[in-house]
Amino acid sequence: MQALRRRNVALSRGSATTDANDVIVVGMNATAAASATTSPKTATRWTLDPGHSAAGFEVRHMMITNVRGEFEKFRGNVSYDAAHPEATRIDATIDVASLNTRETRRDGDLKSALFFDVENHPEMTFVSKSARAAGPGNLEVLGDLTIRGTTHEVLLSVRDISGPQVDMRGNPRIGATAEAKIKRSDFGMTWNKTLDAGGVVVGDVVTIKLEVSALQAT
């Protein structure tokens with residue numbers, strides 16, 4: 001787990017190394033091999049509730065502040081069993097055209113070919129490959145993130161997984177918070193400009209932040 005934390009700190013500083021990534025992938029793939037002995041039938045299926053969830057991101061702007069945005073349309077499914085966290089499975093899809101940073105011109109730039117290229121790549125997806133416990137109610141999930149037709153392995157840190165609660169309509173729910181850090185340049189989003197005082201207009205490291213409420217699938 002120390003290697004996982006060191007990798008996230010290094011990525012924030014723009015200095016993540018191949019060795020650190022290799023440690024993560026090897027460890028998570030070993031977990032995947034072990035979880036193959038766990039029957040997926042033990043995991044309860046949950047469906048993401050967009051009305052009570054949020055999918056957002058933040059990125060450094062002009063080296064002085066973080067700009068935040070959200071995606072208003074998304075869907076996903078989770079299989080989860082607290083007794084067998086290694087059996088966790090996640091698949092999620094985000095409608096990139098639903099991006100909203102509360103500034104129309106910036107939204108247009110982000111949807112253009114300079115960044116997300118929504119016309120040719122209207123969706124981004126995440127499909128988990130392996131998972132392991134990271135303390136009570138916490139998971140580290142390794143999966144394939146696809147943006148602009150490019151796929152890379154990403155580590156999703158899932159925290160504060162709740163126990164089931166029954167909502168006002170009698171539906172069982174669970175919730176969690178999740179975060180991942182990526183480099184946008186890894187997915188072909190390389191546009192930038194150098195500032196007169198040094199630095200660049202848009203940071204390379206993007207933090208993806210999720211607040212999840214999921215309904216038990218029927």
# chains A, B, ... in the order shown; residues from 1 in each chain; ligands from 1
$ residues_around --residues "A:Ser128" --least-positions-apart "3" --cutoff "10 Å" --atoms "only C-alpha atoms" --output "PyMOL selection string"
chain A and resi 78+88-92+131+141-145+153-156
$ residues_around --residues "stretch 96-102 of chain A" --least-positions-apart "3" --cutoff "7 Å" --atoms "only C-alpha atoms" --output "ChimeraX atom specification"
/A:68-73,107,111,118,122-124
$ residues_around --residues "A:Ala113" --least-positions-apart "2" --cutoff "12 Å" --atoms "only C-alpha atoms" --output "PDB file with N, CA and C atoms, in the first residue's frame"
ATOM      1  N   GLY A 108     -16.760  24.502 -24.587  1.00  0.00           N
ATOM      2  CA  GLY A 108     -16.602  24.262 -26.014  1.00  0.00           C
ATOM      3  C   GLY A 108     -15.184  23.838 -26.356  1.00  0.00           C
ATOM      4  N   ASP A 109     -14.202  24.490 -25.738  1.00  0.00           N
ATOM      5  CA  ASP A 109     -12.800  24.120 -25.974  1.00  0.00           C
ATOM      6  C   ASP A 109     -12.530  22.694 -25.511  1.00  0.00           C
ATOM      7  N   LEU A 110     -13.038  22.339 -24.350  1.00  0.00           N
ATOM      8  CA  LEU A 110     -12.790  21.009 -23.796  1.00  0.00           C
ATOM      9  C   LEU A 110     -13.452  19.911 -24.628  1.00  0.00           C
ATOM     10  N   LYS A 111     -14.572  20.229 -25.245  1.00  0.00           N
ATOM     11  CA  LYS A 111     -15.268  19.247 -26.082  1.00  0.00           C
ATOM     12  C   LYS A 111     -14.666  19.135 -27.475  1.00  0.00           C
ATOM     13  N   PHE A 115      -9.057  18.714 -26.936  1.00  0.00           N
ATOM     14  CA  PHE A 115      -9.098  17.957 -25.691  1.00  0.00           C
ATOM     15  C   PHE A 115      -9.881  16.648 -25.873  1.00  0.00           C
ATOM     16  N   PHE A 116     -11.152  16.604 -25.463  1.00  0.00           N
ATOM     17  CA  PHE A 116     -11.892  15.345 -25.466  1.00  0.00           C
ATOM     18  C   PHE A 116     -12.327  14.866 -26.850  1.00  0.00           C
ATOM     19  N   ASP A 117     -12.423  15.773 -27.811  1.00  0.00           N
ATOM     20  CA  ASP A 117     -12.848  15.404 -29.172  1.00  0.00           C
ATOM     21  C   ASP A 117     -14.174  14.629 -29.130  1.00  0.00           C
ATOM     22  N   VAL A 118     -15.179  15.286 -28.582  1.00  0.00           N
ATOM     23  CA  VAL A 118     -16.480  14.658 -28.348  1.00  0.00           C
ATOM     24  C   VAL A 118     -17.120  14.136 -29.635  1.00  0.00           C
ATOM     25  N   GLU A 119     -16.919  14.833 -30.724  1.00  0.00           N
ATOM     26  CA  GLU A 119     -17.549  14.408 -31.987  1.00  0.00           C
ATOM     27  C   GLU A 119     -17.127  12.994 -32.379  1.00  0.00           C
ATOM     28  N   ASN A 120     -15.873  12.670 -32.163  1.00  0.00           N
ATOM     29  CA  ASN A 120     -15.360  11.352 -32.544  1.00  0.00           C
ATOM     30  C   ASN A 120     -15.311  10.360 -31.382  1.00  0.00           C
ATOM     31  N   HIS A 121     -15.314  10.875 -30.156  1.00  0.00           N
ATOM     32  CA  HIS A 121     -15.211  10.017 -28.976  1.00  0.00           C
ATOM     33  C   HIS A 121     -16.207  10.499 -27.913  1.00  0.00           C
ATOM     34  N   PRO A 122     -17.477  10.196 -28.117  1.00  0.00           N
ATOM     35  CA  PRO A 122     -18.521  10.754 -27.249  1.00  0.00           C
ATOM     36  C   PRO A 122     -18.560  10.177 -25.842  1.00  0.00           C
ATOM     37  N   ARG A 148     -10.848   9.180 -25.509  1.00  0.00           N
ATOM     38  CA  ARG A 148     -10.414   9.510 -26.883  1.00  0.00           C
ATOM     39  C   ARG A 148      -9.888   8.282 -27.611  1.00  0.00           C
ATOM     40  N   GLY A 188      -3.800  11.611 -25.199  1.00  0.00           N
ATOM     41  CA  GLY A 188      -3.781  12.414 -26.418  1.00  0.00           C
ATOM     42  C   GLY A 188      -4.208  13.861 -26.251  1.00  0.00           C
ATOM     43  N   MET A 189      -4.417  14.313 -25.014  1.00  0.00           N
ATOM     44  CA  MET A 189      -4.808  15.701 -24.780  1.00  0.00           C
ATOM     45  C   MET A 189      -3.560  16.497 -24.413  1.00  0.00           C
ATOM     46  N   THR A 190      -2.845  16.957 -25.418  1.00  0.00           N
ATOM     47  CA  THR A 190      -1.520  17.552 -25.206  1.00  0.00           C
ATOM     48  C   THR A 190      -1.482  19.065 -25.384  1.00  0.00           C
ATOM     49  N   TRP A 191      -2.597  19.672 -25.780  1.00  0.00           N
ATOM     50  CA  TRP A 191      -2.569  21.117 -26.037  1.00  0.00           C
ATOM     51  C   TRP A 191      -2.132  21.886 -24.796  1.00  0.00           C
TER      52      TRP A 191
END
$ atom_distance --atom1 "atom CA of A:Ile147" --atom2 "atom CA of A:Asp204"
14.7 Å
$ closest_atom_pairs --of "stretch 150-171 of chain A" --to "stretch 44-58 of chain A" --cutoff "12 Å" --atoms "only C-alpha atoms" --output "CSV"
residue,atom,partner,partner_atom,distance
A:Pro164,CA,A:Trp46,CA,10.7
A:Asp167,CA,A:His52,CA,11.8
A:Asn171,CA,A:Trp46,CA,11.0
$ write_last_selection --atoms "N, CA and C atoms" --output "PDB file, in the first residue's frame"
ATOM      1  N   PRO A 164     -25.257  -1.233   3.485  1.00  0.00           N
ATOM      2  CA  PRO A 164     -26.552  -0.969   2.832  1.00  0.00           C
ATOM      3  C   PRO A 164     -27.497  -0.180   3.722  1.00  0.00           C
ATOM      4  N   ASP A 167     -33.720   3.264   1.347  1.00  0.00           N
ATOM      5  CA  ASP A 167     -34.208   4.626   1.150  1.00  0.00           C
ATOM      6  C   ASP A 167     -35.712   4.728   1.372  1.00  0.00           C
ATOM      7  N   ASN A 171     -35.803   0.966  -1.288  1.00  0.00           N
ATOM      8  CA  ASN A 171     -34.729   0.418  -2.114  1.00  0.00           C
ATOM      9  C   ASN A 171     -33.411   0.361  -1.345  1.00  0.00           C
TER      10      ASN A 171
END
$ select_by_dssp --residues "chain A" --states "strand (DSSP E)" --output "PyMOL selection string"
chain A and resi 44-48+54-61+65-71+74-80+89-95+99-100+123-133+139-147+150-159+165-166+172-183+202-216
$ select_by_dssp --residues "stretch 108-149 of chain A" --states "helix (DSSP H, G or I)" --output "mmCIF file with C-alpha atoms, in the first residue's frame"
data_model
loop_
_atom_site.group_PDB
_atom_site.id
_atom_site.type_symbol
_atom_site.label_atom_id
_atom_site.label_comp_id
_atom_site.auth_asym_id
_atom_site.auth_seq_id
_atom_site.Cartn_x
_atom_site.Cartn_y
_atom_site.Cartn_z
ATOM 1 C CA GLY A 108 -16.602 24.262 -26.014
ATOM 2 C CA ASP A 109 -12.800 24.120 -25.974
ATOM 3 C CA LEU A 110 -12.790 21.009 -23.796
ATOM 4 C CA LYS A 111 -15.268 19.247 -26.082
#
$ closest_residue --among "A:Val166, A:Glu86, A:Val212, A:Thr104" --to "A:Ala134" --atoms "only C-alpha atoms"
A:Glu86
